[in-house]
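Trainee: Can you keep this structure in mind? I'll have questions shortly.
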Amino acid sequence: MIKRIIELSRQPAHLCVRDEQLLLLSRTERPARLPTHPPNLITSIPCEDLGMVMVDERETTYTHHALATLAAHGCAVVFCGANHQPVGVLLPYPEHTETVWRIDAQVKAGRVKRKQLWAAIVKAKVVQQASLLTRPHAAALIHLANRVRSGDPENIEAQAAKQYWATWLGSTPFSRRPGSSGGQPPNDLLDYGYAVVRAALARAIVLAGLIPAIGLKHSNRSNAFCLADDLIEPFRPYVDARVRWMHSIGQTTVSPDAKSNIISLLYSTLTDSVGAGPFWVVVQRYVASFVRALSGKAEDLDIPSTPARTLADAQWQPAPARQRTFGHGPAADPPDD
């Protein structure tokens with residue numbers, strides 16, 4: 001079936017869905033200009049301060065101007081589906097001065113370089129996984145990490161994952177099944193956490209002037225974020241640490257509080273070769289180091305060294321004021337701003 005393309009340019013419209021049908025409603029009256037202090041105002045946040053907006057409310061409506069302004073300020077907008085898991089992301093269009101050069105370096109990256117970078121990523125991931133386990137399981141993973149070679153020909157990543165998930169919850173049996181809606185808790189929380197970090201990486205990749213579809217190891221032709229799925233690996237254990245703590249206090253579903261706890265992970269402090277900084281900032285430095293490695297200006301990736309276990313309950317802090325979570329409920333159709 002050939003997909004249809006629609007263009008909205010002839011008249012103002014409001015988009016909504018009913019019975020799985022996209023409705024285009026005409027707006028014959030020009031919306032009134034917003035007053036300085038609208039009576040239904042929840043809050044206002046400078047667009048330049050925003051890096052990501054997570055939307056998990058089906059009655060949310062948008063103006064073109066709002067989405068375009070967010071994109072212009074480098075903000076990613078993540079849309080969640082009925083199961084509260086992200087189903088799509090709006091990424092800003094890069095205006096990097098070296099975009100063409102960087103894409104050229106990304107496309108022409110040699111096989112040896114790609115395999116070396118992948119080996120560094122896998123080793124860092126396994127070491128972080130080990131930090132979440134107790135002896136002798138941690139020692140077994142460290143042994144595997146030391147066996148990682150260029151390109152990971154022995155698939156140490158999979159070997160480590162098998163041992164890791166078997167003991168991740170201690171004596172409680174756990175089976176990791178990505179995308180298994182309704183599966184064993186806290187699989188859904190892990191999926192949500194990974195999706196949040198993946199979106200942050202995708203944003204950093206695009207803003208760095210790279211193409212997120214061209215990865216190191218991942219190469220699925222239907223995956224537009226192969227590079228994000230490669231670079232995320234050393235960060236997954238940080239999500240695992242937060243989710244395991246949440247599971248220990250009874251947060252096992254993707255509830256508003258659980259989502260807030262996971263998103264707050266982006267403001268946790270990590271340490272890399274530059275120094276300590278927010279998770280969100282360290283992700284951007286990590287992607288920048290990938291660019292330098294591709295261009296031959298550096299040999300190694302700047303992967304955070306903070307043990308994943310330190311981002312569990314002992315180091316958890318409430319979400320900062322700049323992270324806002326709004327209540328669920330039908331939203332009024334706002335006038336154009």
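We label chains A, B, ... in the order they appear in the structure tokens, count residues from 1 in each chain, and number ligands from 1 in the order shown.
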Leaving out Gly277 (chain A) and any residue of its chain fewer than 3 positions from it, which residues lie within 12 Å of it when counting only C-alpha atoms, given as a ChimeraX atom specification?
Mentor: /A:266-274,280-286,304-306
Trainee: Which residue is closest to Ser150 (chain A)? Choose from A:Leu301, A:Ala71, A:Leu117, A:Val196 and count only C-alpha atoms.
Mentor: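 Using only C-alpha atoms, Ser150 (chain A) sits closest to A:Leu117.
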Trainee: Give me the residues near Lys259 (chain A) as a PyMOL selection string, where near means some atom within 12 Å (using only C-alpha atoms) and where sequence neighbours in that chain fewer than 4 positions away do not count.
Mentor: chain A and resi 54-56+80+84-86+188-196+239+242-243+246+251-255+263-266+319+323-326
Trainee: Write the residues of the preceding selection, restricted to C-alpha atoms, as a short mmCIF file (atom, residue, chain, number, x, y, z; two decimals), in the first residue's frame.
Mentor:
data_model
loop_
_atom_site.label_atom_id
_atom_site.label_comp_id
_atom_site.auth_asym_id
_atom_site.auth_seq_id
_atom_site.Cartn_x
_atom_site.Cartn_y
_atom_site.Cartn_z
CA MET A 54 8.54 14.14 27.05
CA VAL A 55 4.85 14.00 26.10
CA ASP A 56 2.72 11.21 27.58
CA CYS A 80 4.78 8.37 24.12
CA HIS A 84 3.55 5.07 28.04
CA GLN A 85 6.63 4.01 26.06
CA PRO A 86 8.22 6.47 23.61
CA ASP A 188 8.74 -1.81 31.15
CA LEU A 189 10.69 0.57 33.38
CA LEU A 190 13.96 -0.53 31.80
CA ASP A 191 12.50 0.03 28.33
CA TYR A 192 11.33 3.50 29.32
CA GLY A 193 14.67 4.42 30.88
CA TYR A 194 16.64 3.24 27.87
CA ALA A 195 14.30 5.19 25.56
CA VAL A 196 14.87 8.39 27.54
CA VAL A 239 19.38 3.07 34.03
CA ARG A 242 18.00 3.46 39.07
CA VAL A 243 15.33 0.95 38.03
CA MET A 246 12.84 1.78 42.19
CA GLN A 251 7.81 1.13 41.85
CA THR A 252 7.30 -1.56 39.22
CA THR A 253 5.11 0.14 36.59
CA VAL A 254 5.53 3.18 34.36
CA SER A 255 3.65 5.54 36.67
CA ILE A 263 14.05 11.27 33.89
CA SER A 264 15.82 12.77 36.90
CA LEU A 265 18.68 10.42 36.04
CA LEU A 266 19.67 12.92 33.33
CA ALA A 319 14.17 15.89 40.40
CA GLN A 323 12.43 19.10 35.38
CA ARG A 324 8.68 19.56 35.39
CA THR A 325 6.03 16.84 35.37
CA PHE A 326 2.49 17.99 34.72
#
Trainee: Nearest to Trp165 (chain A): which of A:Arg102, A:Arg149, A:Asp240, A:Ala224 is it, counting only C-alpha atoms?
Mentor: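 The shortest atom-to-atom distance to Trp165 (chain A) comes from A:Asp240.
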Trainee: Which of these, A:Cys226, A:Ile142, A:Ala312, A:Ile214, has the shortest distance to Lys108 (chain A) once you count only C-alpha atoms?
Mentor: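 Residue with the minimum atom-to-atom distance to Lys108 (chain A): A:Ile214.
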Trainee: Using only C-alpha atoms, determine which residues lie at most 12 Å from Lys162 (chain A), disregarding the query and same-chain residues fewer than 4 positions distant; provide the list as a list of chain:residue names.
Mentor: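 The contact residues come out as A:Val126, A:Gln129, A:His137, A:Ala140, A:Leu141, A:Leu144, A:Asn155, A:Ile156, A:Glu157, A:Ala158, A:Ala166, A:Thr167, A:Trp168, A:Phe174, A:Ser175, A:Arg176, A:Arg177.
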Trainee: For CA of Ser219 (chain A) and CA of Arg114 (chain A), quote the distance in Å rounded to one decimal.
Mentor: 12.6 Å
Trainee: Taking only C-alpha atoms into account, which of A:Tyr238, A:Phe79, A:Tyr93, A:Trp245 comes nearest Val53 (chain A)?
Mentor: A:Phe79
Trainee: If you run DSSP on this backbone, which residues of region 39-262 of chain A come out as strand (DSSP E or B), and could you give them as JSON, numbers by chain?
Mentor: {"A": [52, 53, 54, 55, 76, 77, 78, 79, 80, 86, 87, 88, 89, 90]}
Trainee: Those residues you just picked out, can you put them in a file as a PDB file, in the first residue's frame with C-alpha atoms?
Mentor:
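Contents of again-v3.pdb, freshly written:
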ATOM      1  CA  MET A  52      13.944  17.516  25.839  1.00  0.00           C
ATOM      2  CA  VAL A  53      10.180  17.488  26.226  1.00  0.00           C
ATOM      3  CA  MET A  54       8.537  14.144  27.053  1.00  0.00           C
ATOM      4  CA  VAL A  55       4.852  13.998  26.098  1.00  0.00           C
ATOM      5  CA  ALA A  76      14.001  17.112  21.253  1.00  0.00           C
ATOM      6  CA  VAL A  77      10.307  16.286  21.641  1.00  0.00           C
ATOM      7  CA  VAL A  78       9.572  12.662  22.587  1.00  0.00           C
ATOM      8  CA  PHE A  79       6.073  11.299  22.034  1.00  0.00           C
ATOM      9  CA  CYS A  80       4.779   8.366  24.117  1.00  0.00           C
ATOM     10  CA  PRO A  86       8.223   6.475  23.606  1.00  0.00           C
ATOM     11  CA  VAL A  87       7.051   5.838  20.043  1.00  0.00           C
ATOM     12  CA  GLY A  88       8.654   8.751  18.229  1.00  0.00           C
ATOM     13  CA  VAL A  89      10.957  11.719  18.587  1.00  0.00           C
ATOM     14  CA  LEU A  90      11.169  15.122  16.929  1.00  0.00           C
TER      15      LEU A  90
END
Trainee: Considering only C-alpha atoms, return as a list of chain:residue names whatever protein or nucleic-acid residues lie within 10 Å of region 65-69 of chain A, sequence-local ones (same chain, fewer than 4 positions apart) excluded.
Mentor: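 Those residues are A:Cys47, A:Glu48, A:His73, A:Gly74, A:Cys75, A:Ala76, A:Val77, A:Leu90, A:Pro92, A:Asp336, A:Asp337.
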Trainee: Using only C-alpha atoms for the distances, tell me which of A:Pro256, A:His247, A:Val206, A:Ala308 is nearest to Phe279 (chain A).
Mentor: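 Looking only at the distances to Phe279 (chain A), the closest residue turns out to be A:Ala308.
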Trainee: Which residues in region 26-76 of chain A does DSSP call alpha helix (DSSP H)? List them as an MDAnalysis selection string.
Mentor: chainID A and resid 64:72
Trainee: Save out the residues we just selected, N, CA and C atoms, as a short mmCIF file (atom, residue, chain, number, x, y, z; two decimals), in the first residue's frame.
Mentor:
data_model
loop_
_atom_site.label_atom_id
_atom_site.label_comp_id
_atom_site.auth_asym_id
_atom_site.auth_seq_id
_atom_site.Cartn_x
_atom_site.Cartn_y
_atom_site.Cartn_z
N HIS A 64 2.11 24.73 15.33
CA HIS A 64 3.32 24.61 14.50
C HIS A 64 4.42 25.49 15.08
N HIS A 65 4.05 26.67 15.50
CA HIS A 65 5.04 27.62 16.01
C HIS A 65 5.75 27.06 17.25
N ALA A 66 5.00 26.37 18.10
CA ALA A 66 5.60 25.82 19.31
C ALA A 66 6.63 24.76 18.98
N LEU A 67 6.27 23.81 18.10
CA LEU A 67 7.21 22.75 17.75
C LEU A 67 8.41 23.29 16.99
N ALA A 68 8.17 24.23 16.08
CA ALA A 68 9.26 24.81 15.31
C ALA A 68 10.22 25.58 16.20
N THR A 69 9.68 26.29 17.20
CA THR A 69 10.53 27.05 18.11
C THR A 69 11.38 26.13 18.97
N LEU A 70 10.79 25.05 19.45
CA LEU A 70 11.55 24.09 20.25
C LEU A 70 12.69 23.49 19.42
N ALA A 71 12.39 23.11 18.19
CA ALA A 71 13.42 22.54 17.31
C ALA A 71 14.52 23.56 17.04
N ALA A 72 14.13 24.82 16.85
CA ALA A 72 15.12 25.86 16.57
C ALA A 72 16.08 26.06 17.73
#
Trainee: Rounded to one decimal place, report the CA of Pro186 (chain A)-CA of Ser248 (chain A) distance in Å.
Mentor: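 Here the two named atoms are 10.3 Å from each other.
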Trainee: What is the distance between CA of Leu294 (chain A) and CA of Ala105 (chain A), in Å to one decimal?
Mentor: 6.0 Å
